[in-house]
$ cat run_2.cif   # mmCIF, C-alpha atoms and all ligand atoms
data_protein
loop_
_atom_site.label_atom_id
_atom_site.label_comp_id
_atom_site.auth_asym_id
_atom_site.auth_seq_id
_atom_site.Cartn_x
_atom_site.Cartn_y
_atom_site.Cartn_z
CA LEU A 30 132.15 93.06 145.45
CA THR A 31 130.50 93.90 142.13
CA PRO A 32 133.00 95.35 139.65
CA VAL A 33 133.38 99.08 139.01
CA ASP A 34 133.91 100.74 135.64
CA TRP A 35 137.09 102.54 136.69
CA ALA A 36 137.47 104.26 133.31
CA ARG A 37 134.08 105.88 133.83
CA VAL A 38 135.05 106.86 137.38
CA ARG A 39 138.21 108.49 136.08
CA GLY A 40 136.09 110.38 133.55
CA ASP A 41 134.38 112.12 136.48
CA PHE A 42 137.63 114.01 137.23
CA PRO A 43 137.95 116.80 134.64
CA LEU A 44 141.46 117.85 135.65
CA LEU A 45 142.90 114.39 134.97
CA ALA A 46 142.31 114.93 131.25
CA ARG A 47 144.81 117.78 131.01
CA GLN A 48 148.39 117.82 129.87
CA VAL A 49 151.47 119.29 131.52
CA HIS A 50 154.64 120.15 129.59
CA GLY A 51 152.94 118.66 126.51
CA LYS A 52 152.55 115.25 128.18
CA PRO A 53 149.41 113.59 129.59
CA LEU A 54 149.24 114.36 133.30
CA VAL A 55 150.04 111.45 135.63
CA TYR A 56 148.86 112.76 139.00
CA LEU A 57 150.55 110.83 141.81
CA ASP A 58 150.20 113.39 144.59
CA SER A 59 146.80 112.53 146.04
CA ALA A 60 148.18 112.18 149.57
CA ASN A 61 148.99 115.89 149.32
CA THR A 62 145.58 116.78 147.95
CA SER A 63 143.18 114.73 145.86
CA GLN A 64 141.57 115.80 142.60
CA LYS A 65 137.84 116.58 142.58
CA PRO A 66 135.05 114.90 140.61
CA ALA A 67 132.56 116.97 138.61
CA GLN A 68 129.88 116.03 141.19
CA VAL A 69 131.77 117.96 143.89
CA ILE A 70 132.63 120.92 141.66
CA GLU A 71 128.98 121.15 140.58
CA ALA A 72 127.66 120.97 144.13
CA VAL A 73 129.81 123.98 145.11
CA ASP A 74 128.79 125.82 141.94
CA ASP A 75 125.11 125.07 142.51
CA PHE A 76 125.29 126.33 146.09
CA TYR A 77 126.65 129.71 145.02
CA ARG A 78 124.29 129.98 142.04
CA ARG A 79 121.07 128.96 143.78
CA HIS A 80 121.24 128.76 147.57
CA ASN A 81 123.95 131.10 148.88
CA ALA A 82 123.15 132.66 152.26
CA ASN A 83 124.63 132.54 155.74
CA VAL A 84 123.81 129.67 158.10
CA SER A 85 121.85 129.63 161.38
CA ARG A 86 121.03 133.34 161.27
CA ALA A 87 118.35 134.41 158.82
CA VAL A 88 114.74 133.23 158.79
CA HIS A 89 114.37 133.77 155.05
CA ALA A 90 114.15 130.85 152.62
CA LEU A 91 117.74 131.01 151.44
CA GLY A 92 118.96 131.13 155.03
CA SER A 93 117.17 127.91 155.87
CA GLU A 94 118.32 126.26 152.63
CA ALA A 95 121.94 127.12 153.43
CA THR A 96 121.56 125.91 157.02
CA GLU A 97 119.97 122.68 155.85
CA ALA A 98 122.74 122.15 153.28
CA TYR A 99 125.45 122.74 155.89
CA GLU A 100 123.82 120.55 158.55
CA GLY A 101 123.06 117.95 155.86
CA ALA A 102 126.78 117.76 155.10
CA ARG A 103 127.47 117.22 158.81
CA ARG A 104 124.97 114.34 158.88
CA LYS A 105 126.47 112.75 155.74
CA LEU A 106 129.99 113.00 157.12
CA ALA A 107 128.86 111.59 160.47
CA ALA A 108 127.26 108.59 158.73
CA PHE A 109 130.42 108.11 156.64
CA LEU A 110 132.53 107.96 159.82
CA ASN A 111 129.86 106.07 161.82
CA VAL A 112 129.61 108.71 164.54
CA ARG A 113 126.85 110.95 165.89
CA ALA A 114 126.38 114.23 164.02
CA ASP A 115 126.21 116.22 167.27
CA GLU A 116 129.69 114.95 168.16
CA LEU A 117 131.20 116.19 164.89
CA VAL A 118 132.78 119.64 164.86
CA LEU A 119 133.17 121.01 161.33
CA CYS A 120 136.40 122.96 160.80
CA SER A 121 139.00 123.83 158.18
CA GLY A 122 140.90 120.55 158.30
CA THR A 123 143.08 118.29 160.39
CA THR A 124 145.43 121.08 161.43
CA PHE A 125 142.55 123.01 162.97
CA ALA A 126 141.02 119.86 164.45
CA ILE A 127 144.21 118.85 166.29
CA ASN A 128 144.81 122.41 167.48
CA LEU A 129 141.27 122.45 168.85
CA VAL A 130 142.04 119.38 170.96
CA ALA A 131 145.38 120.88 172.00
CA TYR A 132 143.96 124.26 173.07
CA SER A 133 140.54 123.26 174.39
CA TRP A 134 141.18 119.83 175.88
CA ALA A 135 144.89 119.50 176.61
CA LEU A 136 145.89 123.00 177.77
CA PRO A 137 143.38 123.08 180.65
CA GLN A 138 143.99 119.41 181.58
CA LEU A 139 147.77 118.92 181.50
CA LYS A 140 150.31 120.07 184.05
CA ALA A 141 154.02 119.82 184.81
CA GLY A 142 155.03 116.20 185.23
CA ASP A 143 152.47 114.91 182.71
CA ALA A 144 153.52 113.40 179.38
CA ILE A 145 152.18 113.27 175.84
CA LEU A 146 153.03 110.22 173.72
CA LEU A 147 153.53 110.74 169.97
CA THR A 148 155.03 108.49 167.29
CA ARG A 149 158.07 108.87 165.07
CA MET A 150 155.90 109.00 161.94
CA GLU A 151 153.69 111.99 162.84
CA HIS A 152 152.98 114.89 160.49
CA HIS A 153 154.04 118.27 161.89
CA ALA A 154 150.32 119.01 162.41
CA ASN A 155 150.33 116.25 165.03
CA ILE A 156 153.60 117.34 166.66
CA VAL A 157 153.75 121.13 166.87
CA PRO A 158 150.39 121.69 168.67
CA TRP A 159 151.56 119.21 171.37
CA GLN A 160 154.89 120.99 171.69
CA ILE A 161 152.97 124.23 172.29
CA VAL A 162 150.91 122.46 174.98
CA ALA A 163 154.09 121.00 176.51
CA GLN A 164 155.80 124.40 176.60
CA ARG A 165 152.83 126.05 178.26
CA THR A 166 152.04 123.33 180.80
CA GLY A 167 155.45 121.85 181.58
CA ALA A 168 154.38 118.44 180.24
CA VAL A 169 156.96 116.41 178.32
CA ILE A 170 156.77 114.69 174.91
CA LYS A 171 157.60 111.01 174.54
CA VAL A 172 158.06 109.32 171.17
CA ALA A 173 157.05 105.80 170.15
CA GLU A 174 159.64 104.48 167.68
CA ILE A 175 159.28 102.43 164.49
CA ASP A 176 161.19 99.42 163.22
CA GLU A 177 163.12 99.27 159.94
CA ARG A 178 159.96 98.34 158.02
CA GLY A 179 158.11 101.40 159.27
CA ASP A 180 155.83 99.61 161.75
CA LEU A 181 155.41 100.90 165.30
CA ASP A 182 157.19 98.84 167.95
CA LEU A 183 153.97 98.14 169.84
CA ASP A 184 155.46 96.43 172.89
CA ALA A 185 157.80 99.35 173.40
CA MET A 186 154.93 101.76 172.84
CA TYR A 187 152.75 100.11 175.48
CA ALA A 188 155.70 100.10 177.88
CA GLN A 189 155.89 103.87 177.32
CA MET A 190 152.26 104.27 178.43
CA THR A 191 153.26 104.98 182.03
CA PRO A 192 151.03 106.75 184.59
CA GLU A 193 152.29 110.25 183.74
CA VAL A 194 151.12 109.85 180.11
CA LYS A 195 147.77 111.63 179.80
CA LEU A 196 147.39 111.69 176.03
CA VAL A 197 148.55 109.67 173.01
CA ALA A 198 148.34 111.21 169.53
CA LEU A 199 149.05 109.16 166.42
CA SER A 200 148.24 108.90 162.76
CA HIS A 201 145.93 106.19 161.50
CA VAL A 202 147.90 106.03 158.24
CA SER A 203 151.35 107.57 157.69
CA ASN A 204 151.50 110.14 154.89
CA VAL A 205 155.14 109.20 154.16
CA LEU A 206 155.42 105.45 154.74
CA GLY A 207 151.83 104.41 154.13
CA THR A 208 151.94 102.41 157.38
CA VAL A 209 148.44 101.57 158.60
CA ASN A 210 148.65 101.65 162.38
CA PRO A 211 146.53 99.24 164.46
CA VAL A 212 144.69 102.17 166.02
CA ARG A 213 141.95 100.05 167.52
CA GLU A 214 144.41 98.02 169.56
CA ILE A 215 146.52 101.07 170.49
CA CYS A 216 143.49 103.09 171.61
CA ARG A 217 142.26 100.12 173.66
CA GLU A 218 145.63 99.88 175.42
CA ALA A 219 145.57 103.65 176.03
CA ARG A 220 142.01 103.58 177.38
CA ARG A 221 142.83 100.71 179.77
CA ARG A 222 145.44 102.99 181.29
CA GLY A 223 143.20 106.06 181.39
CA ILE A 224 145.09 107.75 178.53
CA VAL A 225 143.09 109.90 176.12
CA SER A 226 143.75 109.11 172.43
CA VAL A 227 143.80 111.43 169.42
CA VAL A 228 143.89 109.84 165.97
CA ASP A 229 144.94 111.79 162.87
CA GLY A 230 142.79 110.21 160.17
CA SER A 231 143.88 112.51 157.30
CA GLN A 232 145.33 109.67 155.24
CA ALA A 233 142.84 107.00 156.31
CA ALA A 234 139.46 108.58 155.54
CA PRO A 235 140.08 108.81 151.75
CA HIS A 236 141.15 105.19 151.39
CA ARG A 237 139.25 102.79 153.64
CA ALA A 238 135.86 102.30 155.23
CA LEU A 239 135.98 103.93 158.64
CA ASP A 240 134.13 102.99 161.77
CA VAL A 241 135.39 105.66 164.14
CA ALA A 242 133.07 104.50 166.92
CA ALA A 243 134.66 101.03 166.77
CA ILE A 244 138.21 102.41 166.94
CA GLY A 245 137.53 103.46 170.51
CA CYS A 246 139.58 106.66 170.38
CA ASP A 247 138.62 109.90 172.14
CA PHE A 248 139.23 112.24 169.19
CA TYR A 249 139.46 111.58 165.44
CA ALA A 250 140.52 114.26 162.91
CA ILE A 251 139.97 114.32 159.16
CA THR A 252 140.59 116.73 156.31
CA GLY A 253 138.18 117.08 153.38
CA HIS A 254 140.54 118.03 150.56
CA LYS A 255 142.29 114.66 150.57
CA MET A 256 138.96 112.81 150.21
CA VAL A 257 137.90 114.44 146.91
CA GLY A 258 136.28 117.36 148.77
CA PRO A 259 137.11 121.08 148.71
CA THR A 260 140.08 122.63 150.49
CA GLY A 261 139.37 124.31 153.82
CA THR A 262 137.00 121.58 155.05
CA GLY A 263 137.48 118.97 157.72
CA ALA A 264 136.14 117.72 161.00
CA LEU A 265 136.93 116.68 164.51
CA TRP A 266 134.95 113.87 166.07
CA ALA A 267 135.08 113.86 169.86
CA ARG A 268 133.34 111.90 172.59
CA ARG A 269 130.46 113.94 173.86
CA GLU A 270 131.76 114.03 177.43
CA HIS A 271 134.92 115.74 176.19
CA LEU A 272 133.01 118.22 174.03
CA ALA A 273 130.71 119.04 176.92
CA ALA A 274 133.66 119.80 179.21
CA MET A 275 135.82 121.69 176.70
CA PRO A 276 135.93 125.50 176.74
CA PRO A 277 135.64 127.12 173.30
CA PHE A 278 138.80 127.65 171.26
CA LEU A 279 137.58 130.72 169.33
CA GLY A 280 134.92 133.21 170.34
CA GLY A 281 132.45 134.99 168.07
CA GLY A 282 129.12 134.58 166.35
CA GLU A 283 127.38 131.17 166.08
CA MET A 284 129.12 129.75 169.15
CA ILE A 285 127.03 131.62 171.72
CA ARG A 286 123.55 131.37 173.19
CA GLU A 287 123.51 134.76 174.87
CA VAL A 288 126.07 137.55 175.07
CA ARG A 289 126.08 140.28 177.71
CA PHE A 290 129.03 142.43 178.60
CA GLU A 291 128.91 140.84 182.05
CA GLY A 292 129.33 137.37 180.56
CA THR A 293 128.35 135.03 177.74
CA VAL A 294 126.46 131.74 177.65
CA TYR A 295 128.01 129.43 175.08
CA ASN A 296 126.10 127.37 172.57
CA ASP A 297 126.02 123.58 172.89
CA PRO A 298 128.60 121.43 171.09
CA PRO A 299 129.35 121.09 168.23
CA HIS A 300 128.33 124.70 167.44
CA ARG A 301 130.24 125.98 170.47
CA PHE A 302 133.43 125.21 168.50
CA GLU A 303 132.33 126.73 165.18
CA ALA A 304 132.70 130.47 165.73
CA GLY A 305 132.07 132.72 162.75
CA THR A 306 130.76 132.04 159.26
CA PRO A 307 131.95 128.60 158.17
CA ASN A 308 133.06 127.42 154.73
CA ILE A 309 129.45 126.64 153.80
CA ALA A 310 129.97 125.99 150.09
CA GLY A 311 133.01 123.87 150.94
CA PHE A 312 130.96 121.65 153.23
CA VAL A 313 128.26 121.32 150.59
CA GLY A 314 131.07 120.07 148.35
CA LEU A 315 132.32 117.74 151.09
CA GLY A 316 128.81 116.31 151.43
CA ALA A 317 128.87 115.61 147.68
CA ALA A 318 132.34 114.06 148.07
CA VAL A 319 131.06 111.69 150.76
CA ASP A 320 128.13 110.73 148.52
CA TYR A 321 130.56 110.16 145.67
CA LEU A 322 132.92 107.93 147.67
CA SER A 323 130.02 106.00 149.22
CA GLY A 324 128.52 105.57 145.74
CA ILE A 325 131.64 103.69 144.66
CA GLY A 326 132.04 102.01 148.04
CA MET A 327 135.07 102.34 150.30
CA ALA A 328 135.76 98.59 150.18
CA ARG A 329 136.07 98.79 146.37
CA ILE A 330 138.26 101.88 146.64
CA GLU A 331 140.54 100.11 149.11
CA ALA A 332 140.78 97.01 146.91
CA ARG A 333 141.51 99.10 143.80
CA GLU A 334 144.27 101.05 145.54
CA LYS A 335 145.82 97.82 146.89
CA GLU A 336 146.15 96.57 143.30
CA LEU A 337 147.71 99.84 142.17
CA LEU A 338 150.13 99.74 145.11
CA ALA A 339 151.14 96.14 144.41
CA HIS A 340 151.73 96.94 140.73
CA ALA A 341 153.78 100.06 141.46
CA THR A 342 155.81 98.39 144.23
CA GLU A 343 156.70 95.47 141.99
CA ALA A 344 157.63 97.69 139.04
CA LEU A 345 159.73 100.06 141.17
CA SER A 346 161.53 97.16 142.88
CA ALA A 347 163.01 96.31 139.49
CA VAL A 348 164.62 99.77 139.10
CA ASP A 349 168.37 99.73 139.86
CA GLY A 350 169.45 101.96 142.72
CA LEU A 351 165.88 102.77 143.80
CA ARG A 352 165.20 102.54 147.52
CA ILE A 353 161.67 102.38 148.92
CA PHE A 354 161.05 103.76 152.43
CA GLY A 355 158.37 101.88 154.29
CA GLU A 356 157.38 98.23 153.93
CA ALA A 357 154.84 98.01 156.69
CA ARG A 358 152.77 94.86 157.24
CA GLU A 359 149.69 96.79 156.22
CA LYS A 360 150.29 99.66 153.87
CA ALA A 361 148.20 102.31 152.10
CA ALA A 362 148.91 103.35 148.51
CA VAL A 363 151.88 105.61 149.20
CA ILE A 364 155.45 104.95 148.06
CA SER A 365 158.33 107.07 149.33
CA PHE A 366 161.54 106.49 147.41
CA LEU A 367 164.95 107.80 146.42
CA ILE A 368 167.36 106.94 143.64
CA GLU A 369 170.98 106.55 144.62
CA GLY A 370 172.97 109.70 143.93
CA ALA A 371 169.98 111.86 143.02
CA HIS A 372 168.35 114.56 145.13
CA ALA A 373 164.60 114.21 145.66
CA HIS A 374 163.83 117.66 144.22
CA ASP A 375 165.86 116.96 141.05
CA LEU A 376 164.00 113.69 140.62
CA ALA A 377 160.60 115.34 141.07
CA THR A 378 161.52 118.20 138.72
CA LEU A 379 162.59 115.81 135.97
CA LEU A 380 159.52 113.63 136.51
CA ASP A 381 157.34 116.73 136.20
CA LEU A 382 158.82 117.38 132.75
CA GLU A 383 157.54 113.90 131.84
CA GLY A 384 154.06 114.86 133.05
CA VAL A 385 154.39 112.93 136.33
CA ALA A 386 153.42 114.82 139.51
CA VAL A 387 155.05 113.42 142.65
CA ARG A 388 155.86 115.27 145.84
CA SER A 389 159.43 115.75 146.99
CA GLY A 390 160.63 117.09 150.31
CA HIS A 391 160.25 116.26 153.98
CA HIS A 392 156.45 115.77 153.73
CA CYS A 393 155.97 117.75 156.96
CA ALA A 394 157.65 114.88 158.82
CA HIS A 395 161.14 116.09 159.80
CA PRO A 396 161.55 113.55 162.65
CA LEU A 397 160.88 110.68 160.24
CA MET A 398 163.43 112.04 157.75
CA HIS A 399 166.00 112.25 160.59
CA HIS A 400 165.23 108.63 161.44
CA PHE A 401 166.09 107.51 157.90
CA GLY A 402 169.05 109.90 157.72
CA VAL A 403 167.82 111.66 154.57
CA PRO A 404 166.78 115.30 154.09
CA ALA A 405 163.96 114.45 151.72
CA THR A 406 162.28 111.72 149.69
CA CYS A 407 160.09 111.55 146.61
CA ARG A 408 156.59 110.30 147.25
CA ALA A 409 154.19 108.80 144.75
CA SER A 410 150.70 108.49 146.20
CA PHE A 411 147.84 106.80 144.42
CA ALA A 412 144.09 107.14 144.41
CA PHE A 413 141.35 104.96 142.95
CA TYR A 414 141.22 107.22 139.85
CA ASN A 415 144.80 106.34 138.88
CA THR A 416 145.35 103.61 136.29
CA HIS A 417 147.78 100.76 135.70
CA GLU A 418 148.86 102.53 132.49
CA GLU A 419 149.81 105.58 134.55
CA ILE A 420 151.98 103.41 136.78
CA ASP A 421 153.74 102.05 133.71
CA ALA A 422 154.24 105.62 132.42
CA PHE A 423 155.58 106.65 135.86
CA VAL A 424 158.07 103.77 135.97
CA ALA A 425 159.18 104.46 132.37
CA ALA A 426 159.72 108.12 133.34
CA ILE A 427 161.76 107.01 136.37
CA GLN A 428 163.98 104.87 134.13
CA LYS A 429 164.50 107.80 131.78
CA VAL A 430 165.30 110.20 134.63
CA ARG A 431 167.70 107.69 136.15
CA ARG A 432 169.65 107.52 132.90
CA LEU A 433 169.73 111.33 132.72
CA LEU A 434 171.07 111.61 136.26
CA ALA A 435 173.58 108.75 135.95
N1 LIG B 501 148.20 114.82 159.08
C1 LIG B 501 148.58 114.08 158.03
C2 LIG B 501 148.99 112.65 158.22
C3 LIG B 501 148.59 114.66 156.76
O1 LIG B 501 148.99 113.94 155.70
C4 LIG B 501 148.19 116.01 156.60
C5 LIG B 501 148.19 116.68 155.25
N2 LIG B 501 149.41 116.56 154.53
C6 LIG B 501 147.80 116.73 157.72
C7 LIG B 501 147.81 116.09 158.95
C8 LIG B 501 147.37 118.15 157.67
O2 LIG B 501 146.17 118.28 156.99
P1 LIG B 501 145.64 119.74 156.60
O3 LIG B 501 146.82 120.45 155.98
O4 LIG B 501 144.58 119.47 155.62
O5 LIG B 501 145.19 120.38 157.83
#

$ encode --input "run_2.cif" --output "structure tokens" --more "lines below"
Ligand code: PMP
Amino acid sequence: LTPVDWARVRGDFPLLARQVHGKPLVYLDSANTSQKPAQVIEAVDDFYRRHNANVSRAVHALGSEATEAYEGARRKLAAFLNVRADELVLCSGTTFAINLVAYSWALPQLKAGDAILLTRMEHHANIVPWQIVAQRTGAVIKVAEIDERGDLDLDAMYAQMTPEVKLVALSHVSNVLGTVNPVREICREARRRGIVSVVDGSQAAPHRALDVAAIGCDFYAITGHKMVGPTGTGALWARREHLAAMPPFLGGGEMIREVRFEGTVYNDPPHRFEAGTPNIAGFVGLGAAVDYLSGIGMARIEAREKELLAHATEALSAVDGLRIFGEAREKAAVISFLIEGAHAHDLATLLDLEGVAVRSGHHCAHPLMHHFGVPATCRASFAFYNTHEEIDAFVAAIQKVRRLLA
């Protein structure tokens, strides 16, 4: 890999130059939402200044420019994920994407006596939609457990893939533990047993090169705002045979071919699942985000974040009374931690006064918090635009806060 000028990359992110509470900002909350480079901000700005119109409706020049920009973003995202563009449904994010699978695929398919297999480390967005499906169909939820390091117990998980299991839904990368799950192997085991697999790629897409086709899942969900794109953008990739068989989730404009009061003919996928005016400018921004990430190269981003993670893990391990949650065999750049005797929110509040932004709370993963027997943790999450100096500043702030709380 040729080297990258990371200082120049960081310079692309205007917000990172600001101060909070009179201190230079150290932004360690990228797993929550990432910051945006000028290239993305400018793409959104340029769309509204020069090309704004609705998509797929008007024959005028602006209408076709907007449609081309929106469909161009779909093609870029499809290439980024290594999937076909006509199998990629654009939507508001992972939450929408998983709900689309739940309502359009699972609700019509599942029945009493069926089971849905989840994992202990799922985000609420990959739990609650399945509970709704279970309540409505009479299916039951089963949970694959993790070991003390935060890795899935794979043998136990495969043993849970019994004939009544019709669907397995799991995260590619845990937003709390950073665990990178072996999704390729898990989806292969599911497929062998005729189980449909749904992968939540929210925390994977921003950090590693993805080949969704090679994973072998049935559905893959991503969210744009964590991958330096605008909020309110995301996508669901689905195998075409599923998309072809799925009834629409929402009805309205764009998703139809012909409407009569006697009945409506739906549009083909993916447009069948994109009712109403989409977040056009947002997707233009997401297209720019994909260009930006590809310009650096996902392999370089992954390598950079591995270094930052190793540095932060080593430095934090030297802090007395600090406990790290999650030491998976393969881990993304996320560190959940607590300091003995201190509440997560107090820690995060005091760190904020030092300019350090970390998230505290349950991270939308109540079942995982129950597993560790804690109500909340602090989470520092890193992106390629963070620096080694920021990690040193973060650890110095932790030491200061620890003395204050002692
Ligand atoms: N799944 C995981 C693993 C996440 O980290 C998040 C975002 N915190 C989501 C799903 C939900 O994504 P969104 O809020 O963008 O729909």

$ closest_residue --input "run_2.cif" --among "A:Ala435, A:Ala264, A:Ala198, A:Cys407" --to "Glu116 of chain A" --atoms "all atoms listed in the file"
A:Ala264

$ closest_atom_pairs --input "run_2.cif" --of "chain A" --to "ligand LIG 501 (chain B)" --cutoff "6 Å" --atoms "only C-alpha atoms and all ligand atoms" --output "CSV"
residue,atom,partner,partner_atom,distance
A:Asn61,CA,B:LIG501,N2,5.3
A:Gly122,CA,B:LIG501,O5,4.3
A:Thr123,CA,B:LIG501,O5,3.9
A:Thr124,CA,B:LIG501,O5,3.7
A:His152,CA,B:LIG501,N1,5.0
A:Ala154,CA,B:LIG501,C7,5.2
A:Ser200,CA,B:LIG501,C2,5.9
A:Ser203,CA,B:LIG501,C2,5.6
A:Asn204,CA,B:LIG501,O1,4.6
A:Asp229,CA,B:LIG501,N1,5.8
A:Ser231,CA,B:LIG501,C1,5.0
A:Gln232,CA,B:LIG501,C2,5.6
A:Thr252,CA,B:LIG501,O4,4.9

$ write_last_selection --input "run_2.cif" --atoms "C-alpha atoms" --output "PDB file, keeping the file's coordinate frame"
ATOM      1  CA  ASN A  61     148.990 115.890 149.320  1.00  0.00           C
ATOM      2  CA  GLY A 122     140.900 120.550 158.300  1.00  0.00           C
ATOM      3  CA  THR A 123     143.080 118.290 160.390  1.00  0.00           C
ATOM      4  CA  THR A 124     145.430 121.080 161.430  1.00  0.00           C
ATOM      5  CA  HIS A 152     152.980 114.890 160.490  1.00  0.00           C
ATOM      6  CA  ALA A 154     150.320 119.010 162.410  1.00  0.00           C
ATOM      7  CA  SER A 200     148.240 108.900 162.760  1.00  0.00           C
ATOM      8  CA  SER A 203     151.350 107.570 157.690  1.00  0.00           C
ATOM      9  CA  ASN A 204     151.500 110.140 154.890  1.00  0.00           C
ATOM     10  CA  ASP A 229     144.940 111.790 162.870  1.00  0.00           C
ATOM     11  CA  SER A 231     143.880 112.510 157.300  1.00  0.00           C
ATOM     12  CA  GLN A 232     145.330 109.670 155.240  1.00  0.00           C
ATOM     13  CA  THR A 252     140.590 116.730 156.310  1.00  0.00           C
TER      14      THR A 252
END

$ atom_distance --input "run_2.cif" --atom1 "atom CA of Thr148 of chain A" --atom2 "atom CA of Val172 of chain A"
5.0 Å

$ closest_residue --input "run_2.cif" --among "A:Gly316, A:Gly350, A:Gly305, A:Pro299" --to "Ala108 of chain A" --atoms "only C-alpha atoms"
A:Gly316

$ closest_residue --input "run_2.cif" --among "A:Arg86, A:Arg149, A:Lys335, A:His271" --to "His417 of chain A" --atoms "all atoms listed in the file"
A:Lys335

$ residues_around --input "run_2.cif" --residues "segment 396-398 of chain A" --least-positions-apart "6" --cutoff "10 Å" --atoms "all atoms listed in the file" --output "PDB file with C-alpha atoms, keeping the file's coordinate frame"
ATOM      1  CA  THR A 148     155.030 108.490 167.290  1.00  0.00           C
ATOM      2  CA  ARG A 149     158.070 108.870 165.070  1.00  0.00           C
ATOM      3  CA  MET A 150     155.900 109.000 161.940  1.00  0.00           C
ATOM      4  CA  GLU A 151     153.690 111.990 162.840  1.00  0.00           C
ATOM      5  CA  HIS A 152     152.980 114.890 160.490  1.00  0.00           C
ATOM      6  CA  HIS A 153     154.040 118.270 161.890  1.00  0.00           C
ATOM      7  CA  ILE A 156     153.600 117.340 166.660  1.00  0.00           C
ATOM      8  CA  GLU A 174     159.640 104.480 167.680  1.00  0.00           C
ATOM      9  CA  ILE A 175     159.280 102.430 164.490  1.00  0.00           C
ATOM     10  CA  GLY A 179     158.110 101.400 159.270  1.00  0.00           C
ATOM     11  CA  VAL A 205     155.140 109.200 154.160  1.00  0.00           C
ATOM     12  CA  LEU A 206     155.420 105.450 154.740  1.00  0.00           C
ATOM     13  CA  GLY A 390     160.630 117.090 150.310  1.00  0.00           C
ATOM     14  CA  PRO A 404     166.780 115.300 154.090  1.00  0.00           C
ATOM     15  CA  ALA A 405     163.960 114.450 151.720  1.00  0.00           C
ATOM     16  CA  THR A 406     162.280 111.720 149.690  1.00  0.00           C
TER      17      THR A 406
END
